[in-house]
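So this block is run.cif, mmCIF, C-alpha atoms:
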```cif
data_entry
#
loop_
_atom_site.label_atom_id
_atom_site.label_comp_id
_atom_site.auth_asym_id
_atom_site.auth_seq_id
_atom_site.Cartn_x
_atom_site.Cartn_y
_atom_site.Cartn_z
CA MET A 1 104.03 93.11 87.82
CA GLY A 2 102.00 90.22 89.15
CA THR A 3 103.62 90.65 92.56
CA GLY A 4 103.03 94.40 92.34
CA HIS A 5 99.33 93.92 91.73
CA ALA A 6 99.15 91.38 94.56
CA LYS A 7 100.59 93.94 96.98
CA ASN A 8 97.76 96.31 96.10
CA PHE A 9 95.23 93.60 96.90
CA LEU A 10 97.02 92.87 100.17
CA LYS A 11 96.73 96.53 101.14
CA GLY A 12 92.98 96.44 100.54
CA LYS A 13 93.14 98.90 97.63
CA ILE A 14 90.81 96.87 95.40
CA ASP A 15 87.30 97.31 96.81
CA ASN A 16 85.32 94.74 94.84
CA GLY A 17 87.86 92.03 94.20
CA TYR A 18 90.23 89.62 95.88
CA ILE A 19 92.96 87.20 94.78
CA SER A 20 91.75 83.61 94.53
CA ALA A 21 94.54 82.01 92.47
CA VAL A 22 97.96 82.65 91.00
CA CYS A 23 99.84 81.02 88.12
CA ASP A 24 103.49 80.94 87.13
CA VAL A 25 105.40 78.39 85.05
CA ASP A 26 108.19 78.74 87.62
CA ALA A 27 106.87 77.46 90.95
CA GLU A 28 109.76 79.13 92.78
CA ARG A 29 108.03 82.44 92.06
CA PHE A 30 105.25 81.50 94.49
CA GLY A 31 107.39 82.40 97.50
CA PHE A 32 105.93 85.87 98.00
CA PHE A 33 102.37 84.59 97.59
CA LYS A 34 102.74 81.65 99.96
CA GLU A 35 104.28 83.93 102.55
CA ASN A 36 101.46 86.46 102.31
CA PHE A 37 98.43 84.43 101.20
CA GLY A 38 99.30 80.95 102.42
CA GLU A 39 96.78 78.31 101.40
CA SER A 40 93.93 80.81 101.10
CA ILE A 41 94.58 80.90 97.34
CA LYS A 42 95.19 78.19 94.73
CA TYR A 43 98.52 77.74 92.92
CA PHE A 44 98.92 76.70 89.30
CA THR A 45 101.81 76.24 86.88
CA SER A 46 99.50 76.00 83.87
CA ALA A 47 97.51 79.07 82.81
CA GLU A 48 94.89 77.02 80.99
CA GLU A 49 94.42 74.82 84.05
CA MET A 50 93.88 77.88 86.23
CA PHE A 51 91.50 79.47 83.73
CA ARG A 52 89.30 76.34 83.70
CA SER A 53 89.53 75.64 87.43
CA GLY A 54 86.48 77.68 88.39
CA GLU A 55 88.55 79.58 90.95
CA CYS A 56 88.46 82.91 89.10
CA ASP A 57 86.01 85.41 87.64
CA ALA A 58 88.74 87.53 86.06
CA VAL A 59 92.49 87.36 85.49
CA ILE A 60 95.33 89.85 85.13
CA ILE A 61 97.89 88.78 82.52
CA CYS A 62 101.41 89.86 83.52
CA THR A 63 103.72 87.95 81.19
CA PRO A 64 106.24 88.71 78.43
CA HIS A 65 104.55 90.70 75.67
CA TYR A 66 104.28 88.03 72.98
CA ILE A 67 101.87 85.84 74.92
CA HIS A 68 99.48 88.57 76.13
CA PRO A 69 96.96 87.98 73.28
CA ASP A 70 97.16 84.18 73.40
CA LEU A 71 96.52 84.05 77.14
CA ALA A 72 93.72 86.61 76.86
CA ILE A 73 92.02 84.42 74.25
CA LEU A 74 92.41 81.34 76.46
CA ALA A 75 90.93 83.25 79.39
CA MET A 76 87.94 84.52 77.40
CA ASP A 77 87.34 81.03 75.97
CA ALA A 78 87.22 79.79 79.56
CA GLY A 79 84.55 82.37 80.37
CA LEU A 80 86.76 84.82 82.24
CA HIS A 81 87.02 88.60 82.20
CA CYS A 82 90.54 89.82 81.63
CA ILE A 83 92.99 92.68 82.17
CA VAL A 84 96.04 92.59 79.87
CA GLU A 85 99.23 94.33 80.90
CA LYS A 86 100.69 96.78 78.39
CA PRO A 87 101.41 96.46 75.55
CA ALA A 88 98.39 94.57 74.23
CA GLY A 89 100.79 92.55 72.11
CA VAL A 90 103.92 92.85 69.99
CA TYR A 91 102.39 93.04 66.52
CA THR A 92 99.02 94.14 65.20
CA LEU A 93 98.01 90.77 63.73
CA GLN A 94 97.94 89.10 67.14
CA VAL A 95 96.21 92.04 68.82
CA LYS A 96 93.50 92.09 66.15
CA LYS A 97 92.98 88.35 66.66
CA MET A 98 92.45 88.98 70.38
CA LEU A 99 90.00 91.80 69.69
CA GLU A 100 88.02 89.71 67.20
CA ARG A 101 87.69 86.95 69.79
CA ASN A 102 86.48 89.48 72.34
CA LYS A 103 83.66 90.47 69.99
CA THR A 104 82.29 86.93 70.05
CA ASN A 105 81.74 86.78 73.82
CA ASP A 106 80.32 88.94 76.58
CA LYS A 107 83.45 89.07 78.74
CA LEU A 108 85.16 92.34 79.55
CA LEU A 109 88.67 92.82 78.21
CA GLY A 110 90.66 95.76 79.52
CA ILE A 111 94.22 97.05 79.07
CA MET A 112 96.43 98.17 81.97
CA PHE A 113 96.75 101.74 80.74
CA ASN A 114 97.19 103.02 84.28
CA GLN A 115 98.71 106.31 83.10
CA ARG A 116 95.24 107.29 81.88
CA THR A 117 94.29 107.67 85.54
CA ASN A 118 96.90 110.40 86.06
CA PRO A 119 94.83 113.58 86.60
CA VAL A 120 97.37 115.62 84.60
CA PHE A 121 96.83 113.52 81.47
CA LYS A 122 93.09 113.42 82.09
CA LYS A 123 93.07 117.22 82.29
CA MET A 124 95.08 117.53 79.08
CA ARG A 125 92.60 115.32 77.24
CA GLU A 126 89.67 117.26 78.72
CA MET A 127 91.09 120.58 77.51
CA VAL A 128 91.71 119.24 74.02
CA MET A 129 88.25 117.70 73.80
CA ASN A 130 86.38 120.74 75.09
CA GLY A 131 88.01 122.97 72.49
CA SER A 132 90.23 125.03 74.78
CA LEU A 133 93.14 124.62 72.37
CA GLY A 134 91.10 125.03 69.21
CA GLU A 135 92.19 122.93 66.22
CA ILE A 136 95.31 120.90 66.99
CA LYS A 137 98.31 121.97 64.90
CA ARG A 138 101.32 120.29 66.51
CA THR A 139 102.33 117.72 69.13
CA ASN A 140 105.84 117.35 70.57
CA TRP A 141 106.69 114.76 73.22
CA ILE A 142 110.25 114.36 74.44
CA ILE A 143 110.09 111.39 76.80
CA THR A 144 113.73 110.54 77.50
CA ASN A 145 113.75 109.86 81.25
CA TRP A 146 113.46 106.09 80.79
CA TYR A 147 117.11 105.53 81.70
CA ARG A 148 118.27 101.90 81.89
CA THR A 149 121.73 100.42 82.55
CA GLN A 150 123.33 97.41 80.87
CA ASP A 151 122.81 95.59 84.15
CA TYR A 152 119.06 96.01 83.69
CA TYR A 153 119.15 94.43 80.25
CA ASP A 154 121.39 91.62 81.47
CA SER A 155 118.90 90.66 84.19
CA GLY A 156 116.99 88.33 81.87
CA SER A 157 117.94 86.29 78.81
CA TRP A 158 114.73 87.38 77.03
CA ARG A 159 115.12 91.10 77.67
CA ALA A 160 115.64 93.44 74.72
CA THR A 161 115.69 90.61 72.16
CA TRP A 162 113.48 90.26 69.09
CA ALA A 163 112.52 86.71 70.04
CA GLY A 164 111.97 87.34 73.74
CA GLU A 165 110.49 90.82 73.92
CA GLY A 166 109.75 91.88 70.36
CA GLY A 167 111.16 95.36 70.76
CA GLY A 168 112.88 97.78 73.09
CA VAL A 169 111.96 101.18 74.48
CA LEU A 170 108.80 101.36 72.34
CA TYR A 171 107.51 98.08 73.81
CA ASN A 172 108.78 98.06 77.37
CA GLN A 173 109.18 101.61 78.62
CA ALA A 174 107.10 103.84 76.32
CA PRO A 175 103.84 101.93 75.58
CA HIS A 176 102.00 104.20 78.02
CA ASN A 177 103.35 107.28 76.25
CA LEU A 178 102.38 105.92 72.84
CA ASP A 179 98.86 105.35 74.16
CA LEU A 180 98.63 108.83 75.68
CA PHE A 181 100.16 110.40 72.56
CA GLN A 182 97.01 109.55 70.58
CA TRP A 183 94.46 109.36 73.43
CA ILE A 184 95.00 112.90 74.73
CA VAL A 185 94.55 114.55 71.32
CA GLY A 186 91.86 112.10 70.18
CA MET A 187 93.68 111.40 66.90
CA MET A 188 95.94 108.69 65.53
CA PRO A 189 98.74 109.75 63.19
CA THR A 190 98.08 108.66 59.61
CA ARG A 191 101.73 108.70 58.52
CA VAL A 192 105.07 108.38 60.30
CA ARG A 193 108.75 108.60 59.41
CA ALA A 194 110.85 107.16 62.17
CA PHE A 195 114.51 106.65 62.91
CA CYS A 196 114.99 103.80 65.37
CA HIS A 197 118.53 103.02 66.51
CA PHE A 198 119.11 99.42 67.54
CA GLY A 199 121.57 98.81 70.36
CA LYS A 200 122.99 102.30 69.93
CA TRP A 201 123.72 102.88 73.61
CA HIS A 202 123.49 99.33 75.04
CA ASP A 203 124.56 95.84 74.06
CA ILE A 204 121.06 94.79 72.92
CA GLU A 205 119.30 93.81 69.68
CA VAL A 206 116.37 96.18 69.80
CA GLU A 207 115.73 99.92 69.70
CA ASP A 208 117.02 102.09 72.55
CA ASP A 209 116.79 105.46 70.77
CA VAL A 210 113.85 106.66 68.65
CA THR A 211 112.91 109.88 66.87
CA CYS A 212 109.64 109.91 64.94
CA TYR A 213 107.86 112.51 62.81
CA CYS A 214 104.06 112.12 62.55
CA GLU A 215 101.27 113.53 60.39
CA TYR A 216 97.62 113.61 61.50
CA PRO A 217 94.41 113.46 59.44
CA ASN A 218 93.64 117.16 60.08
CA GLY A 219 97.05 118.28 58.81
CA ALA A 220 98.70 118.58 62.23
CA THR A 221 102.23 117.29 62.69
CA GLY A 222 104.05 115.79 65.65
CA ILE A 223 107.36 114.61 67.01
CA PHE A 224 107.86 111.69 69.42
CA ILE A 225 111.33 111.16 70.90
CA THR A 226 112.29 108.49 73.40
CA THR A 227 115.37 106.62 74.63
CA THR A 228 116.72 104.61 77.55
CA ALA A 229 120.13 106.30 77.46
CA ASP A 230 119.65 109.99 78.30
CA ALA A 231 120.51 111.17 81.80
CA PRO A 232 118.90 112.97 83.50
CA GLY A 233 116.42 112.93 80.63
CA THR A 234 113.30 114.95 79.92
CA ASN A 235 109.55 114.41 80.03
CA ARG A 236 107.89 117.32 78.25
CA PHE A 237 104.73 117.15 76.15
CA GLU A 238 103.61 120.23 74.20
CA ILE A 239 100.34 120.44 72.29
CA THR A 240 99.81 123.51 70.16
CA GLY A 241 96.40 124.45 68.82
CA THR A 242 94.96 127.48 67.09
CA LYS A 243 93.96 128.91 70.49
CA GLY A 244 97.16 128.31 72.43
CA THR A 245 99.73 125.84 73.70
CA LEU A 246 99.40 123.30 76.51
CA ILE A 247 102.66 122.23 78.16
CA MET A 248 103.21 119.27 80.47
CA ASP A 249 106.65 119.35 82.08
CA TYR A 250 107.79 116.78 84.63
CA ASP A 251 110.06 118.11 87.38
CA PRO A 252 112.55 115.38 88.40
CA ASP A 253 113.45 117.22 91.59
CA THR A 254 109.91 117.48 92.99
CA LYS A 255 108.63 114.43 91.02
CA GLU A 256 105.60 116.48 90.01
CA PHE A 257 103.81 116.80 86.69
CA ASN A 258 103.28 120.50 86.01
CA LEU A 259 100.75 121.72 83.46
CA PHE A 260 100.83 125.18 81.87
CA PHE A 261 98.52 126.88 79.35
CA ARG A 262 99.51 129.77 77.11
CA GLU A 263 96.14 130.91 75.80
CA LEU A 264 95.69 133.15 72.76
CA LEU A 265 93.05 135.88 72.99
CA LYS A 266 92.18 135.35 69.33
CA ASP A 267 92.31 132.17 67.27
CA GLU A 268 95.56 132.17 65.29
CA ARG A 269 93.74 131.20 62.08
CA ILE A 270 91.65 134.37 62.37
CA HIS A 271 94.58 136.56 63.45
CA VAL A 272 96.74 135.43 60.51
CA LEU A 273 94.19 137.02 58.15
CA GLU A 274 93.53 140.15 60.20
CA GLY A 275 96.89 140.88 61.86
CA GLU A 276 99.76 143.00 60.55
CA GLY A 277 103.39 142.16 59.80
CA PHE A 278 105.26 140.31 62.53
CA LYS A 279 102.67 140.85 65.26
CA GLN A 280 101.65 137.65 67.02
CA PRO A 281 98.16 137.21 68.44
CA ASP A 282 97.76 138.72 71.88
CA ARG A 283 97.73 136.16 74.65
CA ALA A 284 96.81 135.87 78.27
CA PRO A 285 99.55 135.40 80.89
CA THR A 286 100.78 131.82 81.17
CA VAL A 287 98.59 129.93 83.62
CA LYS A 288 99.61 126.95 85.70
CA ILE A 289 96.65 124.60 85.60
CA GLU A 290 95.65 123.33 89.02
CA ILE A 291 95.23 119.59 88.96
CA GLU A 292 92.55 117.87 91.01
CA GLY A 293 91.94 114.23 91.68
CA GLU A 294 93.93 111.20 92.79
CA ASN A 295 96.50 109.48 90.60
CA THR A 296 95.18 105.94 91.18
CA GLN A 297 97.39 104.18 88.62
CA HIS A 298 97.17 100.33 88.67
CA THR A 299 94.64 100.24 91.49
CA GLY A 300 92.43 102.61 89.52
CA ILE A 301 92.32 100.25 86.54
CA CYS A 302 91.77 97.16 88.72
CA ASN A 303 88.96 98.85 90.63
CA ASN A 304 87.40 100.07 87.39
CA VAL A 305 87.40 96.61 85.79
CA ALA A 306 85.99 95.00 88.95
CA ASN A 307 83.23 97.61 89.05
CA ALA A 308 82.59 97.22 85.32
CA ILE A 309 82.17 93.46 85.76
CA LEU A 310 79.60 94.20 88.45
CA GLY A 311 77.84 96.69 86.17
CA LEU A 312 78.68 99.68 88.36
CA GLU A 313 80.60 101.71 85.77
CA GLU A 314 81.93 101.68 82.21
CA ILE A 315 85.35 100.21 81.49
CA TYR A 316 87.91 103.02 81.31
CA ALA A 317 90.62 101.48 79.12
CA PRO A 318 88.83 99.01 76.83
CA ALA A 319 90.75 96.42 74.85
CA GLU A 320 90.05 98.04 71.49
CA ASP A 321 92.22 100.98 72.59
CA GLY A 322 95.18 98.63 72.93
CA ILE A 323 95.71 98.40 69.19
CA TYR A 324 96.73 102.05 68.76
CA GLY A 325 100.00 102.02 70.69
CA VAL A 326 101.00 98.74 69.03
CA GLN A 327 100.23 100.26 65.63
CA LEU A 328 102.43 103.25 66.41
CA ALA A 329 105.33 101.10 67.64
CA ASN A 330 105.02 98.76 64.64
CA ALA A 331 104.85 101.69 62.21
CA MET A 332 107.98 103.28 63.72
CA LEU A 333 109.96 100.06 63.40
CA LEU A 334 108.66 99.40 59.89
CA SER A 335 109.54 102.92 58.78
CA THR A 336 113.11 102.36 59.98
CA TRP A 337 113.43 98.89 58.48
CA LEU A 338 112.10 100.01 55.09
CA ASN A 339 113.80 103.43 55.26
CA ARG A 340 110.67 105.31 54.21
CA GLU A 341 107.41 106.85 55.39
CA VAL A 342 104.74 104.41 56.57
CA GLU A 343 101.02 105.07 56.45
CA ILE A 344 98.73 103.96 59.24
CA PRO A 345 97.03 101.54 58.91
CA PHE A 346 99.82 99.58 57.26
CA ASP A 347 100.07 96.02 55.93
CA ASP A 348 99.94 93.91 59.10
CA GLU A 349 101.34 90.85 57.30
CA MET A 350 104.28 92.83 55.94
CA PHE A 351 105.25 94.02 59.42
CA TYR A 352 105.04 90.49 60.81
CA GLU A 353 107.23 89.15 58.02
CA GLU A 354 109.84 91.82 58.75
CA LEU A 355 109.68 91.03 62.47
CA LYS A 356 110.16 87.32 61.81
CA LYS A 357 113.40 88.08 59.95
CA ARG A 358 114.73 89.63 63.16
CA ILE A 359 113.37 86.84 65.34
CA ALA A 360 115.16 84.26 63.16
CA ILE A 361 118.58 85.68 64.05
CA SER A 362 117.73 86.74 67.60
CA LYS A 363 119.85 85.39 70.45
CA PRO A 364 119.23 85.41 74.22
CA HIS A 365 121.61 87.31 76.47
CA GLU A 366 124.57 85.12 77.38
CA ASN A 367 125.75 87.17 80.35
CA VAL A 368 122.53 86.99 82.37
CA LYS A 369 123.12 87.93 85.97
CA LYS A 370 121.62 85.96 88.82
CA LYS A 371 118.82 87.85 90.53
CA VAL A 372 119.62 88.66 94.12
CA THR A 373 116.85 87.77 96.54
CA PRO A 374 116.48 88.89 100.18
CA GLN A 375 117.56 85.38 101.24
CA ASP A 376 120.84 85.83 99.34
#
```

Show the structure stored in the file as structure tokens.
Amino acid sequence: MGTGHAKNFLKGKIDNGYISAVCDVDAERFGFFKENFGESIKYFTSAEEMFRSGECDAVIICTPHYIHPDLAILAMDAGLHCIVEKPAGVYTLQVKKMLERNKTNDKLLGIMFNQRTNPVFKKMREMVMNGSLGEIKRTNWIITNWYRTQDYYDSGSWRATWAGEGGGVLYNQAPHNLDLFQWIVGMMPTRVRAFCHFGKWHDIEVEDDVTCYCEYPNGATGIFITTTADAPGTNRFEITGTKGTLIMDYDPDTKEFNLFFRELLKDERIHVLEGEGFKQPDRAPTVKIEIEGENTQHTGICNNVANAILGLEEIYAPAEDGIYGVQLANAMLLSTWLNREVEIPFDDEMFYEELKKRIAISKPHENVKKKVTPQD
């Protein structure tokens, strides 16, 4: 991801920022940067050394998940603003530590929730918040188009291991969806019952197939389903309220996110008391919602944080929002491990103790395949 962000800077997509330094513990990874930036930037193999070098105002942390919070704390302690790649961390204890440290300084801390810039998801949130759907009754997200092969998992010894990555599809592929799942409806589930399957479809330690039932504080219920094994897979998010149903359906052929609204002409909670027999509330014809605005993704978040540092706008994905997706992922794993419902918030220490049991017996991939480079 670090290289991906650098390409956006190279293309001039970040208006109020430029790359001044890069860090990687593996100096061989500097090849792309030296070819494109030469000696116009500084190179470091120690993050702390780079943070304290005076070369940077802000940093983007693009590392394995476990060290996101630790590096963010080091950066803030060095007086730097920070963007943390998703997820904010692997377990809630470390994310909360990062957030507490952020409260003690005046540096901005943002999360790379680039999917929040997608105008489809922004429109969904807008319609929920302005009351178009009425009171939320049900959420259903089937997000199963995260297909991955065994070759993908074998590309790194740390991939899909408890010690190296801390989780599977919930931590690598679906963190954006877990964030949007609560952000769009403006509610966190208060209770979950999940069924995570570990290495069901691949030779890995962690979850590659998840089905979760959720309950919300207002009585609404939800289902979240994800996997890295379905082909061609589905990406469909339905939100049902007392005034209608909002449907997001991704078309793999056109690669477009389509949004439809089935609006009721009378609130269902009123109709249920006034209607007769089997008659459903009358509804308007299904409407395809026209989506406006650019899907700026990673460049949108980078531009926003740069502008926020300069005092030009508010930060769009603040660090405190990063805890929610981690809570959901942790709760789903804990529910599976304990074979019962889990309330949110849960005992952070208990989750960490359960995770450590898995880390203790975790093993790196033995059949790691050599990455092929253009030179090869």

Residues in the PyMOL selection byres ((chain A and resi 177) around 12), expressed as a CSV table (one decimal) with C-alpha atoms, keeping the file's coordinate frame:
```csv
chain,number,residue,atom,x,y,z
A,86,LYS,CA,100.7,96.8,78.4
A,87,PRO,CA,101.4,96.5,75.6
A,113,PHE,CA,96.8,101.7,80.7
A,114,ASN,CA,97.2,103.0,84.3
A,115,GLN,CA,98.7,106.3,83.1
A,116,ARG,CA,95.2,107.3,81.9
A,121,PHE,CA,96.8,113.5,81.5
A,140,ASN,CA,105.8,117.4,70.6
A,141,TRP,CA,106.7,114.8,73.2
A,142,ILE,CA,110.2,114.4,74.4
A,143,ILE,CA,110.1,111.4,76.8
A,144,THR,CA,113.7,110.5,77.5
A,145,ASN,CA,113.8,109.9,81.2
A,146,TRP,CA,113.5,106.1,80.8
A,169,VAL,CA,112.0,101.2,74.5
A,170,LEU,CA,108.8,101.4,72.3
A,171,TYR,CA,107.5,98.1,73.8
A,172,ASN,CA,108.8,98.1,77.4
A,173,GLN,CA,109.2,101.6,78.6
A,174,ALA,CA,107.1,103.8,76.3
A,175,PRO,CA,103.8,101.9,75.6
A,176,HIS,CA,102.0,104.2,78.0
A,178,LEU,CA,102.4,105.9,72.8
A,179,ASP,CA,98.9,105.4,74.2
A,180,LEU,CA,98.6,108.8,75.7
A,181,PHE,CA,100.2,110.4,72.6
A,182,GLN,CA,97.0,109.6,70.6
A,183,TRP,CA,94.5,109.4,73.4
A,184,ILE,CA,95.0,112.9,74.7
A,224,PHE,CA,107.9,111.7,69.4
A,225,ILE,CA,111.3,111.2,70.9
A,226,THR,CA,112.3,108.5,73.4
A,235,ASN,CA,109.6,114.4,80.0
A,236,ARG,CA,107.9,117.3,78.2
A,237,PHE,CA,104.7,117.2,76.2
A,324,TYR,CA,96.7,102.0,68.8
A,325,GLY,CA,100.0,102.0,70.7
A,326,VAL,CA,101.0,98.7,69.0
A,328,LEU,CA,102.4,103.2,66.4
A,329,ALA,CA,105.3,101.1,67.6
```

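Close contacts of Arg283 of chain A, defined as residues with an atom at most 9 Å away when counting only C-alpha atoms, with chain neighbours fewer than 4 positions off set aside, comprise A:Gly244, A:Arg262, A:Glu263, A:Leu264, A:Leu265, A:Lys266.
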
inquiry  = For this structure, which residues satisfy the selection - the PyMOL selection byres ((chain A and resi 119) around 8) - when it is evaluated on the file as given? I want them as JSON, numbers by chain.
reply    = {"A": [116, 117, 118, 120, 121, 122, 123, 291, 292, 293, 294, 295]}

query = How would you write as a PyMOL selection string the residues that get within 12 Å of (111.0, 90.1, 71.1) in the file's frame, counting only C-alpha atoms?
reply = chain A and resi 64-67+89-91+157-172+204-207+352+355-364

inquiry  = I want to know what sits within 12 Å of Gln94 of chain A, based on all atoms listed in the file, with residues of the same chain fewer than 6 positions away left out; could you give that as a list in words?
reply    = His65, Tyr66, Ile67, His68, Pro69, Asp70, Leu71, Ala72, Ile73, Pro87, Ala88, Glu100, Arg101, Gly322, Ile323, Val326, Gln327, Asp348, Glu349, Phe351 and Tyr352 of chain A

query = Which is closest to Glu366 of chain A among A:Phe44, A:Tyr153, A:Phe37, A:Tyr147, if we use all atoms listed in the file?
reply = A:Tyr153

key: Contact residues around Leu310 of chain A with all atoms listed in the file at 12 Å, ignoring same-chain residues under 3 positions, as a ChimeraX atom specification   = /A:15-17,57-58,81,107-108,303-307,313-315

query = Exactly which residues make up the result of the PyMOL selection byres ((chain A and resi 338) around 12) on this file, given as an MDAnalysis selection string?
reply = chainID A and resid 193:196 330:337 339:342 350:351 354:355

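Residue nearest Ala21 of chain A within the list A:Asp154, A:Glu49, A:Cys56, A:Lys7: A:Cys56 [criterion: smallest interatomic distance, all atoms listed in the file].
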
Reconstruct N, CA and C atoms of segment 257-269 of chain A from the incomplete input and present them as a short mmCIF file (atom, residue, chain, number, x, y, z; two decimals), in the frame of the given file.
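Done, and the output landed in part-v3.cif:
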```cif
data_model
loop_
_atom_site.label_atom_id
_atom_site.label_comp_id
_atom_site.auth_asym_id
_atom_site.auth_seq_id
_atom_site.Cartn_x
_atom_site.Cartn_y
_atom_site.Cartn_z
N PHE A 257 104.20 116.45 88.04
CA PHE A 257 103.81 116.80 86.69
C PHE A 257 103.18 118.19 86.73
N ASN A 258 103.80 119.15 86.05
CA ASN A 258 103.28 120.50 86.01
C ASN A 258 102.63 120.76 84.66
N LEU A 259 101.50 121.47 84.68
CA LEU A 259 100.75 121.72 83.46
C LEU A 259 100.54 123.23 83.30
N PHE A 260 100.94 123.76 82.14
CA PHE A 260 100.83 125.18 81.87
C PHE A 260 100.04 125.42 80.58
N PHE A 261 99.30 126.54 80.54
CA PHE A 261 98.52 126.88 79.35
C PHE A 261 98.84 128.31 78.94
N ARG A 262 99.27 128.47 77.70
CA ARG A 262 99.51 129.77 77.11
C ARG A 262 98.37 130.04 76.12
N GLU A 263 97.36 130.74 76.58
CA GLU A 263 96.14 130.91 75.80
C GLU A 263 96.19 132.16 74.93
N LEU A 264 95.81 132.02 73.66
CA LEU A 264 95.69 133.15 72.76
C LEU A 264 94.33 133.82 72.95
N LEU A 265 94.31 135.15 72.84
CA LEU A 265 93.05 135.88 72.99
C LEU A 265 92.24 135.87 71.70
N LYS A 266 92.89 135.49 70.60
CA LYS A 266 92.18 135.35 69.33
C LYS A 266 92.75 134.11 68.62
N ASP A 267 91.88 133.36 68.01
CA ASP A 267 92.31 132.17 67.27
C ASP A 267 93.36 132.57 66.23
N GLU A 268 94.47 131.84 66.21
CA GLU A 268 95.56 132.17 65.29
C GLU A 268 95.13 132.15 63.84
N ARG A 269 94.19 131.29 63.48
CA ARG A 269 93.74 131.20 62.08
C ARG A 269 92.94 132.44 61.68
#
```
